[in-house]
file data37.txt (compact mmCIF, C-alpha atoms)
# COMPACT_ATOMS: atom_id res chain seq x y z
CA MET A 1 -26.25 14.23 2.88
CA MET A 2 -24.76 17.72 2.85
CA THR A 3 -27.83 19.25 4.47
CA LEU A 4 -27.85 16.62 7.16
CA ALA A 5 -24.19 17.20 8.01
CA THR A 6 -24.64 20.99 8.00
CA LEU A 7 -27.72 20.75 10.17
CA LEU A 8 -26.07 18.50 12.65
CA GLY A 9 -22.79 20.43 12.50
CA MET A 10 -20.88 17.25 13.09
CA TRP A 11 -17.81 15.55 11.71
CA ILE A 12 -18.65 12.61 9.47
CA PRO A 13 -15.77 10.23 8.75
CA LEU A 14 -14.75 10.03 5.07
CA LEU A 15 -16.95 13.04 4.18
CA HIS A 16 -15.18 15.67 6.25
CA PRO A 17 -11.39 15.79 5.94
CA ILE A 18 -9.20 15.98 9.05
CA PRO A 19 -7.08 19.15 9.26
CA MET A 20 -3.52 18.12 10.02
CA PRO A 21 -0.60 20.24 11.27
CA THR A 22 2.37 20.63 8.92
CA SER A 23 4.62 18.75 11.35
CA ALA A 24 2.40 15.66 10.95
CA ARG A 25 3.98 15.01 7.57
CA VAL A 26 7.20 13.92 9.28
CA TRP A 27 5.56 11.68 11.90
CA MET A 28 3.12 10.12 9.48
CA PHE A 29 6.06 8.78 7.49
CA PHE A 30 6.84 6.13 10.14
CA PRO A 31 3.62 4.07 9.95
CA LEU A 32 3.64 4.28 6.16
CA ALA A 33 7.21 2.98 6.05
CA ALA A 34 6.10 0.13 8.35
CA ALA A 35 3.34 -0.82 5.88
CA VAL A 36 5.80 -0.80 2.98
CA ALA A 37 8.28 -2.91 4.99
CA ALA A 38 5.55 -5.41 5.94
CA VAL A 39 4.37 -5.90 2.34
CA TYR A 40 7.93 -6.12 0.98
CA ARG A 41 8.99 -8.73 3.54
CA ALA A 42 5.76 -10.73 3.27
CA THR A 43 6.17 -11.16 -0.50
CA ARG A 44 9.45 -12.97 0.19
CA ALA A 45 8.20 -15.18 3.01
CA ARG A 46 6.61 -18.60 2.95
CA ASP A 47 4.30 -17.67 5.86
CA VAL A 48 4.08 -15.07 8.60
CA ALA A 49 6.10 -17.05 11.14
CA GLY A 50 9.33 -15.25 11.99
CA LEU A 51 8.48 -12.16 9.96
CA THR A 52 8.54 -9.67 12.86
CA TRP A 53 12.29 -9.02 12.96
CA PRO A 54 12.81 -8.85 9.19
CA ILE A 55 9.95 -6.30 9.01
CA ILE A 56 11.49 -4.21 11.81
CA ARG A 57 14.92 -4.39 10.13
CA THR A 58 13.49 -3.32 6.76
CA TRP A 59 11.51 -0.54 8.44
CA LEU A 60 14.70 0.79 10.07
CA ASN A 61 16.57 0.46 6.75
CA ILE A 62 13.90 2.55 5.00
CA ILE A 63 13.94 5.22 7.72
CA ILE A 64 17.75 5.46 7.82
CA GLY A 65 17.97 5.35 4.03
CA MET A 66 15.41 8.12 3.60
CA TRP A 67 17.13 10.16 6.27
CA LEU A 68 20.48 9.82 4.46
CA ILE A 69 18.86 10.78 1.13
CA ALA A 70 17.33 13.84 2.82
CA LEU A 71 20.69 14.73 4.35
CA ALA A 72 22.46 14.38 0.99
CA ALA A 73 19.81 16.52 -0.72
CA TYR A 74 20.16 19.15 1.99
CA GLY A 75 23.97 19.09 1.64
CA LEU A 76 23.70 19.49 -2.13
CA HIS A 77 21.21 22.30 -1.69
CA MET A 78 23.52 24.14 0.70
CA ALA A 79 26.54 23.57 -1.57
CA VAL A 80 24.67 25.02 -4.56
CA ILE A 81 23.63 28.05 -2.54
CA ARG A 82 27.22 28.67 -1.40
CA LEU A 83 28.69 28.22 -4.88
CA TRP A 84 26.17 30.34 -6.76
CA TYR A 85 25.33 33.09 -4.28
CA MET B 86 -12.71 -32.09 -3.71
CA SER B 87 -10.51 -31.56 -6.78
CA LYS B 88 -8.37 -28.44 -7.13
CA PRO B 89 -9.68 -25.87 -9.61
CA ASP B 90 -7.79 -25.17 -12.81
CA PRO B 91 -4.53 -23.24 -12.09
CA ALA B 92 -5.50 -20.46 -14.50
CA ILE B 93 -8.90 -20.04 -12.83
CA ARG B 94 -7.23 -20.11 -9.40
CA SER B 95 -4.87 -17.33 -10.50
CA ILE B 96 -7.69 -15.19 -11.86
CA GLN B 97 -9.79 -15.74 -8.72
CA ALA B 98 -6.87 -14.89 -6.42
CA GLY B 99 -5.95 -11.79 -8.45
CA ILE B 100 -9.47 -10.39 -8.57
CA ALA B 101 -10.11 -11.15 -4.88
CA ALA B 102 -6.84 -9.42 -3.88
CA TRP B 103 -7.72 -6.44 -6.06
CA LEU B 104 -11.17 -6.09 -4.48
CA ILE B 105 -10.07 -6.60 -0.86
CA PRO B 106 -6.35 -6.62 0.05
CA GLY B 107 -5.41 -10.05 1.37
CA ALA B 108 -8.54 -11.80 0.07
CA GLY B 109 -6.55 -13.52 -2.68
CA HIS B 110 -4.20 -15.07 -0.13
CA TRP B 111 -7.18 -16.04 2.03
CA LEU B 112 -8.64 -17.96 -0.93
CA LEU B 113 -5.32 -19.75 -1.36
CA GLY B 114 -5.42 -20.79 2.29
CA LEU B 115 -2.59 -18.47 3.38
CA ARG B 116 -4.54 -16.96 6.29
CA GLY B 117 -1.61 -15.38 8.15
CA LEU B 118 -0.33 -13.57 5.07
CA ALA B 119 -3.89 -12.56 4.20
CA TRP B 120 -4.29 -10.78 7.55
CA LEU B 121 -0.88 -9.12 7.24
CA TYR B 122 -1.63 -7.81 3.73
CA PHE B 123 -5.11 -6.72 4.76
CA ILE B 124 -3.75 -4.62 7.64
CA ALA B 125 -0.71 -3.29 5.75
CA VAL B 126 -2.78 -2.05 2.79
CA SER B 127 -6.16 -1.23 4.34
CA GLY B 128 -4.55 0.76 7.15
CA PRO B 129 -2.80 3.36 4.93
CA PHE B 130 -5.77 3.48 2.54
CA TRP B 131 -8.42 4.26 5.14
CA VAL B 132 -6.14 6.60 7.11
CA GLY B 133 -5.48 8.51 3.87
CA MET B 134 -9.16 8.58 3.02
CA LEU B 135 -10.10 9.78 6.52
CA ILE B 136 -7.54 12.61 6.36
CA GLY B 137 -8.39 13.74 2.83
CA GLY B 138 -12.09 12.96 2.61
CA VAL B 139 -13.66 11.12 -0.33
CA LYS B 140 -14.60 14.18 -2.34
CA ALA B 141 -11.06 15.46 -2.85
CA SER B 142 -9.34 12.08 -2.74
CA VAL B 143 -11.32 10.09 -5.31
CA ASP B 144 -11.60 12.53 -8.17
CA PRO B 145 -10.70 11.17 -11.63
CA GLN B 146 -11.41 14.55 -13.25
CA GLY B 147 -9.42 16.61 -10.76
CA ASN B 148 -6.49 14.28 -10.05
CA TRP B 149 -6.22 11.54 -12.63
CA TRP B 150 -2.81 10.23 -11.53
CA LEU B 151 -3.89 9.81 -7.92
CA PHE B 152 -7.04 8.02 -9.07
CA LEU B 153 -4.92 5.69 -11.23
CA ALA B 154 -2.73 4.79 -8.24
CA GLU B 155 -5.81 4.30 -6.04
CA LEU B 156 -7.23 1.85 -8.57
CA GLY B 157 -4.71 -0.64 -7.18
CA THR B 158 -7.18 -1.06 -4.32
CA GLY B 159 -10.14 -1.46 -6.67
CA GLY B 160 -12.87 -2.47 -4.23
CA TYR B 161 -12.17 0.30 -1.71
CA THR B 162 -11.82 2.97 -4.40
CA ALA B 163 -15.13 1.94 -5.99
CA VAL B 164 -16.95 2.32 -2.65
CA CYS B 165 -15.35 5.73 -2.00
CA TYR B 166 -16.10 6.87 -5.56
CA MET B 167 -19.78 6.06 -5.06
CA ILE B 168 -19.87 7.99 -1.77
CA ALA B 169 -18.07 10.94 -3.41
CA ALA B 170 -20.61 10.96 -6.24
CA LEU B 171 -23.38 11.62 -3.70
CA LEU B 172 -21.71 14.84 -2.51
CA PRO B 173 -22.29 18.13 -4.38
CA THR B 174 -19.56 19.32 -6.77
CA VAL B 175 -18.60 22.96 -6.34
CA PRO B 176 -16.12 25.17 -8.27
CA VAL B 177 -12.56 25.12 -6.90
CA TYR B 178 -12.79 28.73 -5.59
CA VAL B 179 -15.81 27.93 -3.42
CA GLU B 180 -14.89 26.73 0.05
CA THR B 181 -16.62 23.53 1.07
CA PRO B 182 -16.30 21.35 4.19
CA TYR B 183 -15.77 18.28 2.00
CA VAL B 184 -12.51 19.35 0.36
CA SER B 185 -9.17 19.08 2.15
CA TYR B 186 -6.28 21.50 1.74
CA PHE B 187 -2.53 21.49 2.42
CA PRO B 188 -1.06 19.69 4.37
CA SER B 189 -3.97 17.24 4.84
CA GLN B 190 -4.42 16.81 1.10
CA ASP B 191 -0.69 16.23 0.66
CA LEU B 192 -0.60 13.53 3.35
CA SER B 193 -3.76 11.90 2.14
CA GLN B 194 -2.47 11.64 -1.44
CA ILE B 195 0.77 10.01 -0.31
CA TYR B 196 -1.06 7.46 1.86
CA LEU B 197 -3.65 6.62 -0.80
CA SER B 198 -1.22 6.26 -3.68
CA VAL B 199 1.18 4.13 -1.61
CA ALA B 200 -1.71 1.89 -0.49
CA GLY B 201 -2.91 1.48 -4.08
CA LEU B 202 0.53 0.65 -5.42
CA LEU B 203 1.27 -1.71 -2.51
CA ASN B 204 -1.90 -3.60 -3.30
CA LEU B 205 -0.71 -4.11 -6.86
CA ILE B 206 2.26 -5.97 -5.37
CA VAL B 207 -0.18 -7.97 -3.23
CA VAL B 208 -2.26 -8.85 -6.34
CA PHE B 209 0.82 -10.04 -8.24
CA ASP B 210 1.97 -11.98 -5.17
CA ALA B 211 -1.41 -13.73 -4.92
CA ILE B 212 -1.27 -14.64 -8.62
CA ALA B 213 2.30 -15.94 -8.28
CA ARG B 214 1.51 -18.00 -5.16
CA SER B 215 -1.57 -19.51 -6.81
CA GLN B 216 0.78 -21.02 -9.40
CA THR B 217 3.43 -22.26 -6.95
CA ASP B 218 1.20 -23.81 -4.28
CA GLY B 219 1.69 -20.92 -1.88
CA LEU B 220 5.42 -20.46 -2.35
CA PRO B 221 6.68 -16.94 -2.96
CA VAL B 222 8.54 -16.30 -6.20
CA PHE B 223 11.73 -15.58 -4.27
CA HIS B 224 11.49 -18.91 -2.40
CA HIS B 225 10.79 -20.71 -5.65
CA GLU B 226 13.97 -19.29 -7.16
CA GLN B 227 15.90 -20.26 -4.06
CA LEU B 228 14.68 -23.87 -4.31
CA ALA B 229 15.67 -24.00 -7.98
CA ARG B 230 19.15 -22.73 -7.12
CA GLN B 231 19.49 -25.32 -4.34
CA ALA B 232 18.43 -28.09 -6.72
CA GLN B 233 21.10 -26.99 -9.18
CA GLN B 234 23.81 -27.03 -6.50
CA THR B 235 22.87 -30.43 -5.02
CA PRO B 236 24.71 -33.26 -6.82
CA PRO B 237 22.46 -35.95 -8.36
CA PRO B 238 22.08 -39.10 -6.20
CA THR B 239 24.47 -41.98 -7.04
CA THR B 240 23.21 -45.37 -8.24
CA SER B 241 24.20 -47.14 -5.01
CA GLU B 242 22.03 -44.72 -2.99
CA THR B 243 18.98 -45.13 -5.17
CA THR B 244 19.00 -48.92 -5.58
CA PRO B 245 17.59 -50.87 -2.63

call {"tool": "encode", "arguments": {"input": "data37.txt", "output": "structure tokens"}}
result
Amino acid sequence: MMTLATLLGMWIPLLHPIPMPTSARVWMFFPLAAAVAAVYRATRARDVAGLTWPIIRTWLNIIIGMWLIALAAYGLHMAVIRLWY
Amino acid sequence: MSKPDPAIRSIQAGIAAWLIPGAGHWLLGLRGLAWLYFIAVSGPFWVGMLIGGVKASVDPQGNWWLFLAELGTGGYTAVCYMIAALLPTVPVYVETPYVSYFPSQDLSQIYLSVAGLLNLIVVFDAIARSQTDGLPVFHHEQLARQAQQTPPPTTSETTP
């Protein structure tokens, strides 16, 4: 399989990783949060009818919550730096 | 056709959901939820696997904790493990086109572990719904609470 890929010099899905830019880590958070929101909301629903808005609401809650946690961690980090240095 | 034994139904739903996300719900006749779970778990799993590649992402010797989390999606991980086994293993200091590095590896690990752990929730949900005729545990609790709050019917209402 390796020889074939090397000979062809091509990208084979699942065998060759995709190089990602560092900034992708931030943007890739959004679809992952949507998946988490969908599973969380679906476990509490009788069926999929009317699940769209609850999923969107939970998705926004996760994003805002994570953003606030990041902000608090950054604030703490800056406070520690100012106090100690 | 008679319904299978509840215990067998639970085991079937749990194993099916573990092999393919959403398959347990499909077996229980909850087609809409099955599709939703399938997309919500398979999406992150295959995106993570595409970014990281099978060789670096399914490696019980190299990253045991990641492998443990991935086992939540048992069927997918088994397929990827078999593909990874076909690729040559090289020492860590040798550069190979099959191994991903930062930040791809970082992203891939997050996606794969989240997908695996989400599927565990899906497996437990399938097992729970198989025992409550498709009702979620939360809804079941809500019904029990409502039944407690509703006053019992009076004699005049029940007698014809």

call {"tool": "atom_distance", "arguments": {"input": "data37.txt", "atom1": "atom CA of B:Ala119", "atom2": "atom CA of B:Asp90"}}
result
21.5 Å

call {"tool": "interface_residues", "arguments": {"input": "data37.txt", "of": "chain A", "to": "chain B", "cutoff": "6 Å", "atoms": "only C-alpha atoms", "output": "PyMOL selection string"}}
result
chain A and resi 14-20+22+35+44+46+48

call {"tool": "atom_distance", "arguments": {"input": "data37.txt", "atom1": "atom CA of B:Ser198", "atom2": "atom CA of B:Leu151"}}
result
6.1 Å

call {"tool": "axis_aligned_box", "arguments": {"input": "data37.txt", "around": "stretch 163-166 of chain B", "padding_each_side": "6 Å", "output": "JSON"}}
result
{"center_x": -16.0, "center_y": 4.4, "center_z": -4.0, "size_x": 13.8, "size_y": 16.9, "size_z": 16.0}

call {"tool": "atom_distance", "arguments": {"input": "data37.txt", "atom1": "atom CA of A:Phe30", "atom2": "atom CA of A:Trp59"}}
result
8.3 Å

call {"tool": "build_atoms", "arguments": {"input": "data37.txt", "residues": "stretch 8-21 of chain A", "atoms": "N, CA and C atoms", "output": "mmCIF file, in the coordinates of the input"}}
result
data_model
loop_
_atom_site.group_PDB
_atom_site.id
_atom_site.type_symbol
_atom_site.label_atom_id
_atom_site.label_comp_id
_atom_site.auth_asym_id
_atom_site.auth_seq_id
_atom_site.Cartn_x
_atom_site.Cartn_y
_atom_site.Cartn_z
ATOM 1 N N LEU A 8 -26.576 19.108 11.429
ATOM 2 C CA LEU A 8 -26.070 18.500 12.650
ATOM 3 C C LEU A 8 -24.766 19.138 13.115
ATOM 4 N N GLY A 9 -24.059 19.773 12.174
ATOM 5 C CA GLY A 9 -22.790 20.430 12.500
ATOM 6 C C GLY A 9 -21.770 19.458 13.053
ATOM 7 N N MET A 10 -21.764 18.267 12.536
ATOM 8 C CA MET A 10 -20.880 17.250 13.090
ATOM 9 C C MET A 10 -19.861 16.783 12.060
ATOM 10 N N TRP A 11 -18.838 16.103 12.577
ATOM 11 C CA TRP A 11 -17.810 15.550 11.710
ATOM 12 C C TRP A 11 -18.227 14.144 11.284
ATOM 13 N N ILE A 12 -18.300 13.934 9.991
ATOM 14 C CA ILE A 12 -18.650 12.610 9.470
ATOM 15 C C ILE A 12 -17.410 12.008 8.830
ATOM 16 N N PRO A 13 -16.964 10.850 9.332
ATOM 17 C CA PRO A 13 -15.770 10.230 8.750
ATOM 18 C C PRO A 13 -15.927 9.986 7.255
ATOM 19 N N LEU A 14 -14.865 10.183 6.528
ATOM 20 C CA LEU A 14 -14.750 10.030 5.070
ATOM 21 C C LEU A 14 -15.381 11.191 4.296
ATOM 22 N N LEU A 15 -16.367 11.887 4.876
ATOM 23 C CA LEU A 15 -16.950 13.040 4.180
ATOM 24 C C LEU A 15 -16.194 14.305 4.527
ATOM 25 N N HIS A 16 -15.913 14.483 5.805
ATOM 26 C CA HIS A 16 -15.180 15.670 6.250
ATOM 27 C C HIS A 16 -13.713 15.337 6.446
ATOM 28 N N PRO A 17 -12.820 16.043 5.748
ATOM 29 C CA PRO A 17 -11.390 15.790 5.940
ATOM 30 C C PRO A 17 -10.916 16.173 7.350
ATOM 31 N N ILE A 18 -9.771 15.651 7.729
ATOM 32 C CA ILE A 18 -9.200 15.980 9.050
ATOM 33 C C ILE A 18 -8.080 16.993 8.828
ATOM 34 N N PRO A 19 -8.200 18.194 9.404
ATOM 35 C CA PRO A 19 -7.080 19.150 9.260
ATOM 36 C C PRO A 19 -5.868 18.668 10.049
ATOM 37 N N MET A 20 -4.734 18.615 9.371
ATOM 38 C CA MET A 20 -3.520 18.120 10.020
ATOM 39 C C MET A 20 -2.495 19.245 10.126
ATOM 40 N N PRO A 21 -1.686 19.245 11.199
ATOM 41 C CA PRO A 21 -0.600 20.240 11.270
ATOM 42 C C PRO A 21 0.513 19.887 10.289
#
